[in-house]
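Peer 1: This is the structure I want to talk about, given as structure tokens.
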Amino acid sequence: MGCSEPDISSHPQEESDYNELPTSFRLDIDVQRDCRSSKDSSAERSPAVIDHEHDSPRECQSPKGSSFEKRLVVIDTEQEYQSPIPSSIDKNQVEIDCEECETPKFYSVSKCEMDVDGEQELQRPNVPCADLPGAGMAMKGEEYIYVLPQIGVEFESEDHAYNCYSRYAVLEGFSIRKDFVNKSRINGIVVSRRYTCYRQGYRPIQHNANVRKSRQETRTGCLAHMTIARQPNGKFCVTHFEPKHNHEFVAPCTTYLLPSQKRLNFAQAVEANLGDKSGIDGVPKLGMGFDSEDHAYEFYNTYAGRVGFSVRKDYVNRSKINGSVVSRRFTCFREGFRQRDKRDMNVKRPRKETRIGCLAQLVISRQPDDRYRVTHFEEKHNHELVAACRVHMLRSQKRLIAAQVFEGDLVDCSNMQPESSSELICKTGRDTDNHGYDPIDYKNKLPFKCMRGMREGESARLQQFFQSKQLKNPSFFYAFQPDVDDQVTNVFWVDTKMEMDYGDFGDVICFDTTYRLQKDSRPFTPFIGINHHKQMLIFGAALLYDESVESYKWLFQTFLEAMSGKKPKTILTDQDALMAEAIDKVFPETLHRICVWHVYQNALKQLSYMFAGSGSFINDLSSCLFYHEDEEDFINAWKVLLDVYGLWENEWLHETFEYREKWATAYGRHIFCADIKAVLLRESFTENLRKYLKSDSDVLLLCKHLGKVVNDWHYKELEGNYNMHHHLPELMGDVILLKHARNMYTPRIFELFQQEYETCLNIIVNQCTQTGPLFEYKVSIYGQPREYIVTFDSSTETVACNCMKFEFMGVLCSHALKVLDYRNIKILPSKYILKRWSKDARV
């Protein structure tokens, strides 16, 4: 956007103010004018600029008639504050600014990202945004230089200052926003401006009862900012720079989600795309241009055909002036979720669910040159892509011409068929040489013939499938255990992500054997855990066709080999003597508990006849098993259950009660279990695989569907990681302890912690006794007779409660929090913040 001398006649106030200046100061102005009009002056100070359309100098229109101020508001969504004094620096300085030809230049990218309704035209910036690695590097083809912000640094323009601070923010890990601007009341040019961190200030409290779901809080009152002011030489100088923040920076892997980073990326991509005329390689890229929205759709659909998904035209934004398309979004066909319809209750055969919330998409926006450019591209899907041999069946791909199929876009399905035995043996030998291990463990084969084996051809298909996985990812691990006849009996596999998950959250694992509850079910036995968001993880999977001690020992030893020898602290299994013997030999230092969730599943099978007779039986059963932390309360609840439903003669219940110390919650409070039973109750893992666990189904379908489930879990964790850094949980009050805990815990764990704190407000201290540095408190919930004993050691500031919630789950109980508050400890000690529940659990 060019600029020239303002029309003096149209601004009589300017002339009057100029004549009132001292003579010496007017002389300085004239000297400056002469310097700017010299031939050797820089382009930034020239009163005329080159018109990009006509390649000739043109005069700048009066600021009064420019639409720059309007576009500034649309682009940056900022508030303008007109100073009551012409300048916050010096009135004389404002008069100099009025005579200068230094109109700030802004990127056109901001508009195409933020203003999708308007039709106002933006001029291309005179200074393109180059792709630079960081501060101190000169812009390509420009005189501007990226520098580290500090007081006294000068920038050629306001736009240059914004770019430098934005680049600095991206490298640090935060985003910026344009906050305060002070403009001259004479000609509207910027006199000073402040750029702040995107977490600056606080959101105003609005009491709106009609809002179903309030927006999550992102602002934390951060004071980090940079203020610039116009100098007499026309440049902008940093007058204030505050580098300190009151929040954590985002991780480098998520900086691309910051708003300021998106603007930089888009501007850089546009410049790179304009300079690169080598052609399109078939993969969408940020800044890529198209002549029309139809061309963009055809390009994205062709890309989708090669990758393996269908495209849906999702969102369109049209101009309110002429109805033309301003922006449009193309999404994966599995985007979003199907809305519930009351009419579906009467449908005998409802449509199959295809949408699972996939976020893969391509967004295009029309630019001032009337071309559509890619402003956002999300490549990753949260589901398995369609096999190449079935791409032509997708809705958006049906109109692909047959020539595309024969040219190699679709591969022959025959390639997936199992090979002959001789070819498989040769291939196994090659893989053995490449990967340094034999997947068929002949050293530990079973000394007997397995009575239950795989169906014919399943082992060959599995081995070929695992080999294809290993070719794509050499870290993929799998192993087979044969029997005495060299027939594959047991199978185990684990991928790289499972191994990483185990390294971070493998302190507690559950060996799931619920396949036993289903008739004709394939013996699928996964190793399950939970992450710092209390979301389910899978550490490895196995098909265990033999249930002998030798099979269990081989499986656990192979699991340890895949996990580099790292043993879990606690392992939860079903009640099985052979399994317990193998665990004692392979995991001698690991605490072995019978999972109460497995006991509950077995009870549902053994007592299924009780469900028809009483609708409340299942609730009373789950309450008895899961919600009694005291031994006396548990025994009383068990007796009441037997009395009410007449189950004293039930042999299974009698045998289960005999070994209650191995599974009942009241007897294992001292063993850390990460509250995994709650996750298992909330999410039924085998329900998603029930159809594929049938022995008459293809085993490859089980493996592929398992991969889809695991990908869905990984995607949920990515969502949780992003939300925990950008959407802080709501506090129940302005409490220092809660603020500190919120910064440390993940949102899911903080919710549990805040519930404990809320309960602690109703707890009273009944008695306190002291023995040296050791204090013993008796506390109880107001109005309840039961007392809890909390000990506090003043020498080490350690606290312990006899309810042992921290030992069992890893979060302090309300009784311990009451004592800490009673001792005026307002910050949660770091020893009581387990890393596996913190935001830094993956670090």
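So you can find residues: chains in the structure tokens are A, B, ... in the order shown, residues in each start at 1, and ligands are numbered from 1 in order.
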Write out as an MDAnalysis selection string the residues lying within 12 Å of segment 727-742 of chain A, counting only C-alpha atoms and excluding same-chain residues fewer than 2 positions away.
Peer 2: chainID A and resid 199 214:220 246:248 719:725 744:758 761 811:812 817:818 820:821 824:830 832:834 837:839
Peer 1: DSSP says helix (DSSP H, G or I) for which residues of segment 628-716 of chain A? Put them as a VMD selection string?
Peer 2: chain A and resid 631 to 645 651 to 658 660 to 662 665 to 667 676 to 682 686 to 692 699 to 716
Peer 1: Can you list, as a list in words, every protein, DNA or RNA residue that comes within 8 Å of Val819 of chain A when you count only C-alpha atoms, leaving out same-chain residues fewer than 6 positions away?
Peer 2: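 Near Val819 of chain A, the qualifying residues are Tyr777, Val790 and Phe792 of chain A.
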Peer 1: A:Asn382, A:Ser475, A:Ser616, A:Gln463: which is nearest Glu335 of chain A, counting only C-alpha atoms?
Peer 2: A:Asn382
Peer 1: Find the residue from A:Asn163, A:Thr331, A:Thr239, A:Gln767 that sits nearest to Ile151 of chain A; use only C-alpha atoms when measuring.
Peer 2: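 Among A:Asn163, A:Thr331, A:Thr239, A:Gln767, it is A:Thr239 that comes nearest to Ile151 of chain A.
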Peer 1: Would you list, as a list in words, the residues of segment 478-525 of chain A that end up in strand (DSSP E) under DSSP run on this structure's backbone?
Peer 2: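 Strand (DSSP E) assignments inside segment 478-525 of chain A correspond to Tyr478, Ala479, Phe480, Gln481, Pro482, Val488, Thr489, Asn490, Val491, Phe492, Trp493, Val494, Val508, Ile509, Cys510 and Phe511 of chain A.
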Peer 1: Would you work out the distance separating atom CA of Ala296 of chain A from atom CA of Ala360 of chain A, expressed in Å to one decimal?
Peer 2: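 Straight-line distance from atom CA of Ala296 of chain A to atom CA of Ala360 of chain A works out to 15.5 Å.
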Peer 1: Could you name the residues that touch segment 485-499 of chain A at 6 Å or less, counting only C-alpha atoms, but leaving out those on the same chain fewer than 4 positions away, as a PyMOL selection string?
Peer 2: chain A and resi 453+475-481+539-545
Peer 1: Using only C-alpha atoms, which protein or nucleic acid residues come within 8 Å of segment 623-629 of chain A? Drop anything in the same chain fewer than 3 positions from it, and give the result as a PyMOL selection string.
Peer 2: chain A and resi 596+600+619-620+633-634+637-638+641+664-666+669+803
Peer 1: For Ala229 of chain A, find every residue with an atom within 10 Å (counting only C-alpha atoms), except residues of its own chain fewer than 5 positions away, and show them as a list in words.
Peer 2: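 Near Ala229 of chain A, the qualifying residues are Ser87, Ser88, Ile89, Glu154, Phe155, Glu158, Val181, Asn182, Val190, Val191, Ser192, Arg193, Arg194, Gly234, Lys235, Phe236, Cys237, Val238, Thr239 and His240 of chain A.
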Peer 1: Quick one, how far is atom CA of Gly668 of chain A from atom CA of Thr791 of chain A?
Peer 2: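 Straight-line distance from atom CA of Gly668 of chain A to atom CA of Thr791 of chain A works out to 20.1 Å.
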Peer 1: Calculate how many Å separate atom CA of Arg786 of chain A from atom CA of Cys801 of chain A, rounding to one decimal.
Peer 2: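 Value for the atom CA of Arg786 of chain A-atom CA of Cys801 of chain A distance: 13.6 Å.
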Peer 1: List as an mmCIF file with C-alpha atoms, in the first residue's frame the protein and nucleic acid residues near Arg371 of chain A, meaning an atom at most 9 Å away when only C-alpha atoms are counted, but skip any in the same chain fewer than 6 places from it.
Peer 2:
```
data_model
loop_
_atom_site.group_PDB
_atom_site.id
_atom_site.type_symbol
_atom_site.label_atom_id
_atom_site.label_comp_id
_atom_site.auth_asym_id
_atom_site.auth_seq_id
_atom_site.Cartn_x
_atom_site.Cartn_y
_atom_site.Cartn_z
ATOM 1 C CA GLY A 289 -3.327 -21.579 -5.362
ATOM 2 C CA PHE A 290 -6.214 -22.675 -7.602
ATOM 3 C CA ASP A 291 -8.152 -20.876 -10.325
ATOM 4 C CA SER A 292 -11.537 -21.935 -8.913
ATOM 5 C CA GLU A 293 -13.056 -23.853 -6.044
ATOM 6 C CA SER A 365 -10.025 -18.843 0.768
#
```
